[in-house]
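Chemist: Here it is, the structure in full.
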Amino acid sequence: MTPAWILDIFAAIMLAVAAVSAARLAVARPWQQGTQAALADIDISHLLMAIAMAGMLTASLQTLPNGVWEVIFAVLTAWFAYRVIRDTQTSGVRALAGGHCAPHLFHAAAMLYMFMALTAPTTHASGGMGGMAGGMSGMGTLQLPLLAFVFALLLIGYSIWDLDQLSGPGASGHYRLAAARTALTAPVLVGTTAGPGAAAAVSPSASGLAGSVVATEAQPAHASAPAIGVGAILAPSVATGCRIAMGVTMAFMLLIMI
Amino acid sequence: MSEVAAGSIRARWRSGLDAGAGMARGAPDVRRRLQLSLAGIWLLVALLQYQSFMFSNGFSQMIGGTAAGNPGAVASPISWDATLVAHHPVLLNSIFATIQLLLAIGIAWRPTVRVALAASIAWALGVWWFGEGLGMVLTSSASPVNGAPGAVIIYALLAVLLWPADRAGQPAPFTAARAVGAPVARALWAVLWLSLAYFALLPGNRAPQALNGMIAGMESGEPGWLAALERGAASLVAHQGLAASIVLAVALVIIAVGVYLPASAAKATVVLAIVVAAVIWVFGEAFGTILAGGATDPNSGPLLILLALTYWPVRAAVTAPARTALAPAGADEGTTSP
């Protein structure tokens, strides 16, 4: 069987993802955002999936019964399906490849599939998600293994794509820009992500960040330093990192339960 | 934290979520997309390596089994490796899986693509010998239908062909030619596919029931629908080993010479290569037996398809920009200009 310590490592990674997602929600306070609160869906889904997966990987981390998780992930799947449909109406089918909702749709659907398709282990029926934990250690398998394989391929594909985009030429500039946005309070310039010297002057409202702040990459580092500690966790790259970790872990779980 | 700063943080969170974390900041070019496909296959291989079967004695027995039929100089190191793995299955398999995981991440992470591709070549060559018995090409049992010349050697070949460099000033008629040049890339393609044609015609593969037995043998442990497919395919070639081998060999020879033909004909042969690889993957390799559990990799089918895509003729021949050779490693690899 797959050694328990390997499962524990993946479970620890999921707990870290859950902690980061919870911190992002705590800092961003979506409940104070009015209609924008719906944008918390990604962090909420990361939080729930990470908790669920940690429980699937390590029996001692089990929280809710399988039936409750099935309902949760059915709702999340329906929600992200709705958002993907909305995206495709504006961006076409490219929303499936490059949009940020499509990966979450497949993540949620894969979670739902895992909970619904796991065959009960022959022994070890300890309640809760004991069946899933049994599955992790080779005592249970997934029904419809082709679906597990397809989900695993999709998750692998999105994870690899995210890694590439995270390390792309605009990524480092993006981080610096994001940090600077947090610190400054006067509307000035917004930098593009194309690199030094590529800044373009626009108004704050045109940048889509009304009342917020913009800066060029030429801003001195100390200008952004005070707020990085709080604000850095909200960087899009952090959410992408969580998504990569969850995608790889989920693909791992799907493949070892085939 | 002031209200202004807090508002700014929340606005940033909203904009980050709305814009889409990880949305395309630089659209990868064709070669980068192919590199990412290779990284994806490495990641699949790594995750498969974490399956429970790999931590059992079955894995070492699988390795040891590849020694059979090989010359002594090749077989002895394989047997030593199998014994070593049998004594330390958890430790060694964990290391193997993690190395492959790092290779996948390294290829997908742009700054490390060169290091990871170079490491993947070394790793693939090692696995080809110590894990696959040189793809059994030195035995009489190698067959294109069961994965010869060894799936892992195709990973190394792809790493070479997708190396992130361009031969300055030379037009590349297809992606595989960008790093090594068209003559070398064509020669590598021809050698690979001609060798497959040769293996298809080996006595052991052209025997009346050889192909039937090979395909029927893939049925074990597979889901019902795939087992039924295998049974159907096996019955189609029952007692037709010679004819099937000749048809397959002819197709493989056509594919091999296809890259020397004009672009339109070359496209047709690349399509033929993809179709043949897909048929082999489904019927000969049963998707690498992944659905039955215990597979170490998806076998050669997806690799051959990926390889064929690197030879797809490009509409306008690419002339390498002179600056590419001077750019730092991974600095702007694989990103198209907006």
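Labels for the structure tokens follow display order: chains A, B, ..., residues from 1 in each chain, ligands from 1.
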Quick one: residues within 10 Å of Ala177 (chain B), only C-alpha atoms, excluding same-chain residues fewer than 5 positions away - as a PyMOL selection string?

Modeler: chain B and resi 161-162+166-167+170-172+182-186+310-311+318

Chemist: Find the residues near region 65-73 of chain A: any atom within 9 Å, counting only C-alpha atoms, skip ones fewer than 2 places away on the same chain, and give them as a PDB file with C-alpha atoms, in the first residue's frame.

Modeler:
ATOM      1  CA  SER A  45     -13.945  26.247  -2.435  1.00  0.00           C
ATOM      2  CA  LEU A  48     -13.545  23.251   1.714  1.00  0.00           C
ATOM      3  CA  MET A  49     -11.714  21.044  -0.764  1.00  0.00           C
ATOM      4  CA  ALA A  52     -12.119  17.391   2.667  1.00  0.00           C
ATOM      5  CA  GLN A  62     -11.925  13.530   9.016  1.00  0.00           C
ATOM      6  CA  THR A  63     -14.547  16.155   9.723  1.00  0.00           C
ATOM      7  CA  VAL A  75     -23.448  22.825  -4.852  1.00  0.00           C
ATOM      8  CA  LEU A  76     -19.931  24.008  -5.696  1.00  0.00           C
ATOM      9  CA  THR A  77     -20.004  22.108  -8.974  1.00  0.00           C
ATOM     10  CA  ALA A  78     -23.317  23.694  -9.917  1.00  0.00           C
ATOM     11  CA  ALA A 108     -15.350  20.458  -7.533  1.00  0.00           C
ATOM     12  CA  ALA A 109     -16.675  17.831  -9.933  1.00  0.00           C
ATOM     13  CA  ALA A 110     -13.696  15.574  -9.240  1.00  0.00           C
ATOM     14  CA  MET A 111     -14.308  15.877  -5.504  1.00  0.00           C
ATOM     15  CA  LEU A 112     -17.972  15.019  -5.984  1.00  0.00           C
ATOM     16  CA  TYR A 113     -17.000  12.045  -8.128  1.00  0.00           C
ATOM     17  CA  PHE A 115     -17.051  10.833  -2.768  1.00  0.00           C
ATOM     18  CA  MET A 116     -19.766   9.207  -4.873  1.00  0.00           C
ATOM     19  CA  GLY A 127     -17.759   5.699  10.011  1.00  0.00           C
ATOM     20  CA  GLY A 128     -17.344   9.198   8.712  1.00  0.00           C
ATOM     21  CA  MET A 129     -14.905   9.065   5.857  1.00  0.00           C
ATOM     22  CA  MET A 132     -12.257   7.036   1.903  1.00  0.00           C
TER      23      MET A 132
END

Chemist: Hey, can you check how far CA of Pro28 (chain B) sits from CA of Pro173 (chain B)?

Modeler: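 So the answer is 18.9 Å.
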
Chemist: Please, what distance in Å, to one decimal, runs between CA of Thr249 (chain A) and CA of Met14 (chain A)?

Modeler: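 Spanning CA of Thr249 (chain A) to CA of Met14 (chain A) is a straight-line distance of 8.1 Å.
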
Chemist: Can you pull out every residue from region 166-275 of chain B that DSSP, working from the backbone, puts in alpha helix (DSSP H), and format the result as JSON, numbers by chain?

Modeler: {"B": [177, 178, 179, 180, 182, 183, 184, 185, 186, 187, 188, 189, 190, 191, 192, 193, 194, 195, 196, 197, 198, 199, 200, 203, 204, 205, 206, 210, 211, 212, 213, 214, 215, 216, 224, 225, 226, 227, 228, 229, 230, 231, 232, 233, 234, 235, 236, 241, 242, 243, 244, 245, 246, 247, 248, 249, 250, 251, 252, 253, 254, 255, 256, 257, 258, 263, 264, 265, 266, 267, 268, 269, 270, 271, 272, 273, 274, 275]}

Chemist: Within 7 Å of region 189-206 of chain B, counting only C-alpha atoms, which residues show up once you throw out same-chain ones fewer than 5 positions away? Write them as a PyMOL selection string, please.

Modeler: chain B and resi 140-144+211+241-242+245-246+248-249+252-253+255-257

Chemist: Could the residues in this selection be written to a file with C-alpha atoms, as a PDB file, in the first residue's frame?

Modeler:
ATOM      1  CA  SER B 140      13.198 -11.119 -29.805  1.00  0.00           C
ATOM      2  CA  SER B 141      10.097  -9.891 -28.004  1.00  0.00           C
ATOM      3  CA  ALA B 142      10.200  -6.191 -28.881  1.00  0.00           C
ATOM      4  CA  SER B 143       7.109  -5.055 -30.713  1.00  0.00           C
ATOM      5  CA  PRO B 144       5.696  -1.642 -31.560  1.00  0.00           C
ATOM      6  CA  LEU B 211      -0.557 -10.294 -32.319  1.00  0.00           C
ATOM      7  CA  GLY B 241      -0.224 -12.375 -37.562  1.00  0.00           C
ATOM      8  CA  LEU B 242       1.777 -12.211 -40.780  1.00  0.00           C
ATOM      9  CA  SER B 245       2.541  -7.355 -39.218  1.00  0.00           C
ATOM     10  CA  ILE B 246       3.085  -6.531 -42.875  1.00  0.00           C
ATOM     11  CA  LEU B 248       1.654  -2.381 -39.720  1.00  0.00           C
ATOM     12  CA  ALA B 249       5.217  -2.363 -41.043  1.00  0.00           C
ATOM     13  CA  LEU B 252       5.322   2.566 -40.175  1.00  0.00           C
ATOM     14  CA  VAL B 253       7.648   2.852 -43.170  1.00  0.00           C
ATOM     15  CA  ILE B 255       5.352   7.365 -41.575  1.00  0.00           C
ATOM     16  CA  ALA B 256       9.141   7.162 -41.405  1.00  0.00           C
ATOM     17  CA  VAL B 257       9.687   8.642 -44.853  1.00  0.00           C
TER      18      VAL B 257
END

Chemist: Mind checking which residues fall within 8 Å of Val45 (chain B), counting only C-alpha atoms, ignoring those fewer than 2 positions away in the same chain, and posting them as JSON, numbers by chain?

Modeler: {"B": [41, 42, 43, 47, 48, 49, 97, 100, 296, 297, 298]}

Chemist: So that I can check the surroundings of Ser52 (chain B), please list as a list in words every protein, DNA and RNA residue that reaches within 6 Å of it, counting only C-alpha atoms and ignoring chain neighbours fewer than 2 positions away.

Modeler: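 Returned residues: Met1 and Thr2 of chain A; Met54 and Phe55 of chain B.
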
Chemist: Near Met62 (chain B), counting only C-alpha atoms, which residues have an atom at most 12 Å away, once you skip same-chain residues fewer than 3 positions from it, shown as a list in words?

Modeler: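 So, after excluding close chain neighbours, the residues are Phe53, Met54, Phe55, Ser56, Asn57, Gly58, Phe59, Gly65, Thr66, Ala67, Ala68, Ile78, Ser79, Asp81, Ala82, Thr83, Val85, Ala86, Phe130, Gly131, Glu132, Gly133, Gly294, Ala295 and Thr296 of chain B.
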
Chemist: I want to know what sits within 9 Å of Leu163 (chain A), based on only C-alpha atoms, with residues of the same chain fewer than 3 positions away left out; could you give that as a ChimeraX atom specification?

Modeler: /A:158-160,166-168,240-241,244 /B:22,105,108-110

Chemist: B:Ala268, B:Leu138, B:Ala292, B:Val275: which is nearest chain A, counting only C-alpha atoms?

Modeler: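 Closest to chain A, using only C-alpha atoms: B:Ala292.
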
Chemist: Would you work out the distance separating CA of Pro71 (chain B) from CA of Gly150 (chain B), expressed in Å to one decimal?

Modeler: 16.7 Å

Chemist: Point out the residue among B:Pro208, B:Pro77, B:Gly64, B:Pro164 with the least atom-to-atom distance to Ala243 (chain B), counting only C-alpha atoms.

Modeler: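 Looking only at the distances to Ala243 (chain B), the closest residue turns out to be B:Pro208.
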